[in-house]
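Novice: Here you go, work.tsv (TSV, C-alpha atoms):
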chain	number	residue	atom	x	y	z
A	46	LYS	CA	14.16	-13.76	-3.89
A	47	GLY	CA	15.43	-14.82	-7.31
A	48	TYR	CA	12.62	-17.25	-7.98
A	49	ILE	CA	9.91	-14.71	-7.21
A	50	ASN	CA	11.42	-12.31	-9.75
A	51	VAL	CA	11.43	-15.07	-12.39
A	52	LEU	CA	7.84	-15.96	-11.45
A	53	PHE	CA	6.81	-12.31	-11.55
A	54	ASN	CA	8.24	-11.84	-15.05
A	55	ARG	CA	6.60	-14.99	-16.36
A	56	ILE	CA	3.23	-14.11	-14.85
A	57	ARG	CA	3.27	-10.72	-16.57
A	58	LYS	CA	3.70	-12.44	-19.95
A	59	ALA	CA	1.30	-15.32	-19.28
A	60	PRO	CA	-2.26	-15.59	-20.65
A	61	LYS	CA	-4.90	-14.16	-18.33
A	62	SER	CA	-6.32	-17.59	-17.43
A	63	LEU	CA	-2.91	-18.97	-16.44
A	64	LYS	CA	-2.08	-15.79	-14.57
A	65	LYS	CA	-5.24	-16.18	-12.48
A	66	ILE	CA	-4.35	-19.79	-11.58
A	67	VAL	CA	-0.76	-18.92	-10.61
A	68	ASN	CA	-1.91	-15.93	-8.58
A	69	GLY	CA	-4.41	-18.14	-6.76
A	70	ILE	CA	-1.79	-20.78	-5.92
A	71	TYR	CA	0.63	-18.14	-4.68
A	72	GLY	CA	-2.11	-16.49	-2.64
A	73	VAL	CA	-2.97	-19.74	-0.88
A	74	TRP	CA	0.72	-20.40	-0.22
A	75	PHE	CA	1.28	-16.92	1.22
A	76	ALA	CA	-1.85	-17.19	3.39
A	77	SER	CA	-0.78	-20.62	4.67
A	78	VAL	CA	2.72	-19.47	5.56
A	79	PHE	CA	1.45	-16.29	7.18
A	80	SER	CA	-1.25	-18.11	9.19
A	81	CYS	CA	1.08	-20.82	10.50
A	82	LEU	CA	3.87	-18.41	11.45
A	83	SER	CA	1.40	-15.96	12.99
A	84	LEU	CA	-0.16	-18.62	15.22
A	85	LEU	CA	3.29	-19.84	16.25
A	86	THR	CA	4.48	-16.30	16.97
A	87	VAL	CA	1.38	-15.40	18.98
A	88	GLY	CA	1.83	-18.56	21.02
A	89	ILE	CA	5.45	-17.69	21.80
A	90	ILE	CA	4.93	-14.03	22.67
A	91	SER	CA	1.97	-14.88	24.90
A	92	VAL	CA	4.39	-16.50	27.38
A	93	ILE	CA	7.67	-14.65	26.73
A	94	PRO	CA	8.29	-11.69	29.11
A	95	GLY	CA	9.61	-8.32	27.98
A	96	GLN	CA	8.38	-6.21	25.09
A	97	ASN	CA	11.81	-5.89	23.48
A	98	ARG	CA	12.22	-9.66	23.46
A	99	ARG	CA	8.71	-10.12	22.07
A	100	ARG	CA	9.30	-7.53	19.32
A	101	LEU	CA	12.50	-9.33	18.34
A	102	ILE	CA	10.59	-12.63	18.03
A	103	VAL	CA	7.85	-10.99	15.97
A	104	ARG	CA	10.47	-9.41	13.70
A	105	GLN	CA	12.01	-12.81	13.03
A	106	GLY	CA	8.58	-14.26	12.30
A	107	ALA	CA	7.80	-11.45	9.84
A	108	ARG	CA	11.14	-11.94	8.10
A	109	LEU	CA	10.38	-15.64	7.72
A	110	VAL	CA	7.04	-14.84	6.06
A	111	PHE	CA	8.72	-12.88	3.28
A	112	ARG	CA	11.68	-15.25	2.97
A	113	MET	CA	9.52	-18.36	2.71
A	114	THR	CA	7.18	-16.80	0.14
A	115	GLY	CA	10.00	-15.40	-1.99
A	116	ALA	CA	8.79	-11.85	-1.39
A	117	TRP	CA	11.76	-10.41	0.49
A	118	PRO	CA	11.96	-6.72	-0.50
A	119	ASP	CA	14.73	-4.61	-1.91
A	120	ILE	CA	15.84	-2.36	0.94
A	121	LEU	CA	17.41	0.97	0.06
A	122	GLY	CA	18.92	3.43	2.53
A	123	LEU	CA	18.83	1.30	5.67
A	124	HIS	CA	21.98	3.11	6.81
A	125	HIS	CA	19.94	6.34	6.93
A	126	LEU	CA	18.15	5.18	10.08
A	127	PRO	CA	19.52	7.08	13.09
A	128	GLU	CA	20.94	4.99	15.90
A	129	GLN	CA	19.11	7.12	18.45
A	130	ALA	CA	15.35	7.41	18.88
A	131	SER	CA	13.51	8.63	15.77
A	132	VAL	CA	10.08	8.85	14.14
A	133	VAL	CA	9.51	6.98	10.87
A	134	VAL	CA	6.63	8.10	8.64
A	135	ALA	CA	5.59	5.83	5.77
A	136	ASN	CA	2.96	5.72	3.04
A	137	HIS	CA	0.18	3.17	3.52
A	138	ALA	CA	-1.26	1.04	0.71
A	139	SER	CA	-1.99	-2.43	2.11
A	140	TYR	CA	-2.34	-4.61	5.20
A	141	VAL	CA	1.05	-5.99	4.19
A	142	ASP	CA	2.76	-2.69	5.09
A	143	GLY	CA	2.89	-3.26	8.84
A	144	ILE	CA	4.22	-6.80	8.45
A	145	LEU	CA	6.82	-5.60	5.96
A	146	LEU	CA	8.14	-2.82	8.19
A	147	THR	CA	8.19	-5.20	11.15
A	148	ALA	CA	10.52	-7.40	9.11
A	149	VAL	CA	12.72	-4.59	7.80
A	150	LEU	CA	13.09	-2.12	10.69
A	151	PRO	CA	15.05	-2.81	13.89
A	152	HIS	CA	12.92	-4.31	16.65
A	153	ARG	CA	13.21	-1.17	18.78
A	154	PHE	CA	10.52	0.52	16.66
A	155	GLN	CA	6.97	0.66	18.03
A	156	PHE	CA	3.97	1.11	15.75
A	157	VAL	CA	1.24	3.71	16.15
A	158	ILE	CA	-2.05	2.20	14.93
A	159	LYS	CA	-5.67	3.34	14.64
A	160	ARG	CA	-7.71	2.27	17.67
A	161	GLU	CA	-10.22	0.42	15.48
A	162	MET	CA	-7.77	-2.50	15.53
A	163	THR	CA	-8.61	-3.09	19.20
A	164	ARG	CA	-11.96	-4.44	18.02
A	165	VAL	CA	-10.18	-7.44	16.47
A	166	PRO	CA	-9.49	-9.63	19.55
A	167	LEU	CA	-6.47	-11.64	18.33
A	168	ALA	CA	-4.89	-8.66	16.58
A	169	HIS	CA	-5.43	-6.50	19.67
A	170	PHE	CA	-3.77	-9.07	21.93
A	171	PHE	CA	-0.86	-9.47	19.52
A	172	LEU	CA	-0.28	-5.73	19.06
A	173	ARG	CA	-0.60	-4.99	22.77
A	174	ARG	CA	2.00	-7.67	23.60
A	175	ILE	CA	4.57	-5.99	21.33
A	176	GLY	CA	3.91	-2.50	22.69
A	177	ALA	CA	1.96	-0.97	19.81
A	178	HIS	CA	0.21	2.33	20.51
A	179	PHE	CA	-3.43	2.85	19.60
A	180	VAL	CA	-4.82	6.23	18.54
A	181	GLU	CA	-8.46	7.27	18.69
A	182	ARG	CA	-9.29	9.35	15.63
A	183	ASN	CA	-12.98	10.06	16.28
A	184	ASP	CA	-13.00	11.19	19.91
A	185	THR	CA	-11.01	14.31	20.78
A	186	ARG	CA	-10.64	13.56	24.50
A	187	LYS	CA	-9.54	9.96	24.02
A	188	GLY	CA	-7.29	11.04	21.15
A	189	ALA	CA	-5.59	13.55	23.44
A	190	ASN	CA	-4.96	10.85	26.07
A	191	ASP	CA	-3.48	8.57	23.41
A	192	ALA	CA	-1.26	11.41	22.19
A	193	ARG	CA	0.08	11.97	25.71
A	194	ARG	CA	1.01	8.30	26.06
A	195	ILE	CA	2.80	8.33	22.71
A	196	MET	CA	4.59	11.54	23.66
A	197	GLN	CA	5.79	9.86	26.86
A	198	THR	CA	7.18	6.95	24.85
A	199	ALA	CA	9.15	9.42	22.72
A	200	THR	CA	10.35	11.19	25.88
A	201	ASP	CA	11.60	7.86	27.24
A	202	GLY	CA	13.69	7.30	24.10
A	203	GLY	CA	11.31	5.07	22.12
A	204	SER	CA	11.40	4.95	18.32
A	205	LEU	CA	8.01	5.15	16.59
A	206	VAL	CA	6.48	4.24	13.22
A	207	PHE	CA	3.48	6.16	11.90
A	208	PHE	CA	1.32	5.71	8.81
A	209	PRO	CA	0.22	9.37	8.76
A	210	GLU	CA	-2.42	8.81	6.07
A	211	GLY	CA	-4.33	6.98	8.79
A	212	THR	CA	-5.78	4.37	6.44
A	213	PHE	CA	-5.54	3.14	2.86
A	214	ARG	CA	-7.81	2.79	-0.14
A	215	ARG	CA	-7.77	0.74	-3.32
A	216	GLU	CA	-7.15	3.88	-5.36
A	217	PRO	CA	-3.40	4.46	-5.95
A	218	GLY	CA	-1.94	7.67	-4.62
A	219	LEU	CA	-0.73	9.42	-1.50
A	220	ARG	CA	-3.49	10.79	0.73
A	221	GLY	CA	-3.25	13.73	3.12
A	222	PHE	CA	-1.22	13.32	6.31
A	223	HIS	CA	-2.40	13.82	9.88
A	224	ASN	CA	-0.21	15.93	12.15
A	225	GLY	CA	0.41	13.48	15.02
A	226	ALA	CA	3.78	12.07	13.97
A	227	PHE	CA	5.20	15.48	13.19
A	228	THR	CA	4.01	17.04	16.43
A	229	VAL	CA	5.67	14.25	18.42
A	230	ALA	CA	8.94	14.57	16.49
A	231	LEU	CA	9.13	18.34	16.87
A	232	ARG	CA	8.17	18.46	20.54
A	233	ARG	CA	10.72	15.80	21.43
A	234	SER	CA	13.38	16.93	18.90
A	235	LEU	CA	13.49	13.51	17.24
A	236	PRO	CA	14.71	12.93	13.67
A	237	LEU	CA	11.89	12.43	11.16
A	238	VAL	CA	12.60	9.66	8.68
A	239	PRO	CA	10.43	9.46	5.52
A	240	LEU	CA	10.03	5.88	4.29
A	241	VAL	CA	8.58	4.75	0.97
A	242	ILE	CA	6.87	1.38	0.46
A	243	THR	CA	6.20	0.19	-3.09
A	244	GLY	CA	4.67	-3.07	-4.33
A	245	THR	CA	2.36	-3.88	-1.44
A	246	ARG	CA	-0.64	-2.38	-3.22
A	247	ASP	CA	0.01	-4.84	-6.06
A	248	MET	CA	0.57	-7.72	-3.65
A	249	LEU	CA	-2.54	-7.24	-1.49
A	250	PRO	CA	-4.76	-4.33	-2.51
A	251	ALA	CA	-7.66	-3.15	-0.36
A	252	GLN	CA	-10.68	-5.49	-0.40
A	253	SER	CA	-8.56	-8.47	-1.57
A	254	TRP	CA	-8.12	-11.65	0.45
A	255	LEU	CA	-5.23	-13.40	-1.28
A	256	ALA	CA	-1.76	-12.01	-1.93
A	257	ARG	CA	-0.28	-11.97	-5.42
A	258	PRO	CA	3.37	-12.08	-6.52
A	259	ALA	CA	4.83	-8.58	-6.55
A	260	ARG	CA	8.17	-6.83	-6.28
A	261	LEU	CA	8.46	-5.07	-2.94
A	262	THR	CA	10.77	-2.18	-2.18
A	263	VAL	CA	11.41	-0.23	1.02
A	264	THR	CA	13.28	3.05	0.56
A	265	ILE	CA	14.48	4.88	3.66
A	266	LYS	CA	15.15	8.55	2.95
A	267	LEU	CA	17.56	10.91	4.68
A	268	PRO	CA	16.25	12.08	8.07
A	269	LEU	CA	14.88	15.60	8.34
A	270	LEU	CA	16.65	17.88	10.78
A	271	VAL	CA	13.81	18.98	13.03
A	272	GLY	CA	15.83	21.93	14.32
A	273	GLN	CA	15.42	23.55	10.90
A	274	ILE	CA	11.64	23.02	10.78
A	275	ILE	CA	9.25	25.66	12.06
A	276	ASP	CA	6.03	23.72	12.72
A	277	PRO	CA	4.27	20.35	12.13
A	278	ALA	CA	2.71	21.56	8.87
A	279	GLN	CA	6.14	22.29	7.40
A	280	ALA	CA	7.47	18.92	8.56
A	281	ARG	CA	4.40	17.18	7.18
A	282	GLU	CA	4.77	18.72	3.75
A	283	ALA	CA	8.52	18.06	3.64
A	284	CYS	CA	7.97	14.35	4.39
A	285	ARG	CA	5.14	14.05	1.86
A	286	GLN	CA	7.34	15.50	-0.87
A	287	GLN	CA	10.18	13.11	0.03
A	288	ILE	CA	7.81	10.15	-0.17
A	289	LEU	CA	6.14	11.30	-3.39
A	290	ALA	CA	9.54	11.60	-5.06
A	291	ASP	CA	10.02	7.81	-4.90
A	292	LEU	CA	6.44	6.56	-4.75
A	293	ASP	CA	5.45	6.66	-8.44
A	294	GLU	CA	1.83	7.29	-7.45
A	295	PRO	CA	-0.22	10.50	-7.72
A	296	ASP	CA	-0.59	13.10	-5.01
A	297	LEU	CA	-4.24	12.80	-3.94
A	298	HIS	CA	-4.02	15.77	-1.59
A	299	PRO	CA	-1.88	18.43	-3.27
A	300	THR	CA	-3.12	21.19	-0.94
A	301	ASP	CA	-2.25	19.33	2.23
A	302	ASN	CA	-4.63	20.55	4.92
A	303	ALA	CA	-4.96	17.29	6.85
A	304	ALA	CA	-5.76	17.79	10.51
What would the structure in this file look like if it were written as structure tokens?
Specialist:
Amino acid sequence: KGYINVLFNRIRKAPKSLKKIVNGIYGVWFASVFSCLSLLTVGIISVIPGQNRRRLIVRQGARLVFRMTGAWPDILGLHHLPEQASVVVANHASYVDGILLTAVLPHRFQFVIKREMTRVPLAHFFLRRIGAHFVERNDTRKGANDARRIMQTATDGGSLVFFPEGTFRREPGLRGFHNGAFTVALRRSLPLVPLVITGTRDMLPAQSWLARPARLTVTIKLPLLVGQIIDPAQAREACRQQILADLDEPDLHPTDNAA
């Protein structure tokens, strides 16, 4: 981690032409490491039985990606994660976010992902093998079926990770949240854990192909006591405010009416 901080500081002070070259070299290195480890991991989990075992293997692979590229994040508040089942809600700024949380969070956590990812064959196979849940956002009936499956996972004691913005854009800022994560947490009386990711937008912004050196931080906030929350809208707003407090990006949806 030390050498990436030195590199990051030097890049910031370097001439634009040199900065572009260094960023390109780092991007190729990150892509090479990620591609090799991803192919190896997919090969292993395709034959290993048991979702818990497969998630543990994927977690180790994700940790190696960030270790080998010098991009291991600062992790603040890891002790705030409850030992029992819980629902983590995080801001979303980059494709790196899912990989980063896979590396940082315990392997018991299962991700809730937009169903559009099922159209990417290798990604769909990979995510299905580790027990990810897919949510249909454009079809009410299918979305309701997905919600019931996720609710059952929470009932069975599963821990879940949501990106309640649903997607990300190049523009910095926190978008409105959808209600799904908060409905699940309240109905199953699970702790809601706000989580803040910073640096991934700088590392791999939307519409970019190569990663750049960046300082990554994951901040896990104190869980919300769902027994003191009246409804999903209140929980949603409480989590957004917790995330905004540490995000250092604008609120793009100050009158939060996300469905």
Novice: What are the closest atom pairs, with distances in Å to one decimal, for all residues of range 54-151 of chain A lying within 7 Å of range 257-273 of chain A? Consider all atoms listed in the file, order rows by chain and residue number, and present the result as CSV.
Specialist:
residue,atom,partner,partner_atom,distance
A:Asn68,CA,A:Arg257,CA,5.3
A:Tyr71,CA,A:Arg257,CA,6.3
A:Gly72,CA,A:Arg257,CA,5.6
A:Ala116,CA,A:Leu261,CA,7.0
A:Pro118,CA,A:Leu261,CA,4.6
A:Asp119,CA,A:Thr262,CA,4.7
A:Ile120,CA,A:Val263,CA,4.9
A:Leu121,CA,A:Thr264,CA,4.7
A:Gly122,CA,A:Ile265,CA,4.8
A:Leu123,CA,A:Ile265,CA,6.0
A:His125,CA,A:Leu267,CA,5.6
Novice: Let me make sure I understand: among A:Ile93, A:Ala138, A:Val229, A:Ala283, which one has the smallest atom-to-atom distance to Gly211 in chain A if we use all atoms listed in the file?
Specialist: A:Ala138
Novice: Between CA of Arg173 in chain A and CA of Gln96 in chain A, what is the distance, to one decimal in Å?
Specialist: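 Between these atoms lies a distance of 9.4 Å.
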Novice: Residues of range 59-138 of chain A that have any atom at most 12 Å from an atom of range 199-210 of chain A: could you tabulate them with the shortest-distance atom pair and the distance in Å to one decimal, using all atoms listed in the file, ordered by chain and increasing number, as JSON lines?
Specialist:
{"residue": "A:Asn97", "atom": "CA", "partner": "A:Gly203", "partner_atom": "CA", "distance": 11.1}
{"residue": "A:Leu126", "atom": "CA", "partner": "A:Ser204", "partner_atom": "CA", "distance": 10.7}
{"residue": "A:Pro127", "atom": "CA", "partner": "A:Ser204", "partner_atom": "CA", "distance": 9.9}
{"residue": "A:Glu128", "atom": "CA", "partner": "A:Ser204", "partner_atom": "CA", "distance": 9.8}
{"residue": "A:Gln129", "atom": "CA", "partner": "A:Gly202", "partner_atom": "CA", "distance": 7.8}
{"residue": "A:Ala130", "atom": "CA", "partner": "A:Ser204", "partner_atom": "CA", "distance": 4.7}
{"residue": "A:Ser131", "atom": "CA", "partner": "A:Ser204", "partner_atom": "CA", "distance": 4.9}
{"residue": "A:Val132", "atom": "CA", "partner": "A:Leu205", "partner_atom": "CA", "distance": 4.9}
{"residue": "A:Val133", "atom": "CA", "partner": "A:Val206", "partner_atom": "CA", "distance": 4.7}
{"residue": "A:Val134", "atom": "CA", "partner": "A:Phe207", "partner_atom": "CA", "distance": 4.9}
{"residue": "A:Ala135", "atom": "CA", "partner": "A:Phe208", "partner_atom": "CA", "distance": 5.2}
{"residue": "A:Asn136", "atom": "CA", "partner": "A:Phe208", "partner_atom": "CA", "distance": 6.0}
{"residue": "A:His137", "atom": "CA", "partner": "A:Phe208", "partner_atom": "CA", "distance": 6.0}
{"residue": "A:Ala138", "atom": "CA", "partner": "A:Glu210", "partner_atom": "CA", "distance": 9.5}
Novice: Nearest to Thr228 in chain A: which of A:Ser91, A:Asn190, A:Ser139, A:Gln279 is it, counting all atoms listed in the file?
Specialist: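 For Thr228 in chain A, the nearest of the given residues is A:Gln279.
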Novice: Pick from A:Gly244, A:Pro239, A:Pro250, A:Gly143: nearest to Cys284 in chain A, with only C-alpha atoms counted?
Specialist: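 Answer, going by the shortest atom-to-atom distance: A:Pro239.
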Novice: I need every residue sitting at most 9 Å from the point (-0.6, 5.5, -8.1) (coordinates as in the file, all atoms listed in the file considered), written as a PyMOL selection string.
Specialist: chain A and resi 216-219+292-296
Novice: With distances taken over only C-alpha atoms, which residue among A:Ile288, A:Val103, A:Ile89, A:Met162 lies nearest Val241 in chain A?
Specialist: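 Answer, going by the shortest atom-to-atom distance: A:Ile288.
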Novice: Which is closer to Phe213 in chain A than all the others in A:Arg233, A:Ala251, A:Thr163, A:Asp191, using all atoms listed in the file?
Specialist: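 Of A:Arg233, A:Ala251, A:Thr163, A:Asp191, the one nearest Phe213 in chain A, counting all atoms listed in the file, is A:Ala251.
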Novice: Name the closest residue to Phe171 in chain A among the candidates A:Gly88, A:Ala107, A:Thr245, A:Arg112; distances are taken between atoms, counting only C-alpha atoms.
Specialist: A:Gly88
Novice: So how many Å separate CA of Ala280 in chain A and CA of Leu231 in chain A, to one decimal?
Specialist: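 Result for CA of Ala280 in chain A versus CA of Leu231 in chain A: 8.5 Å, one decimal.
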Novice: Find the distance between CA of Thr86 in chain A and CA of Gln105 in chain A and write it in Å to one decimal.
Specialist: 9.2 Å
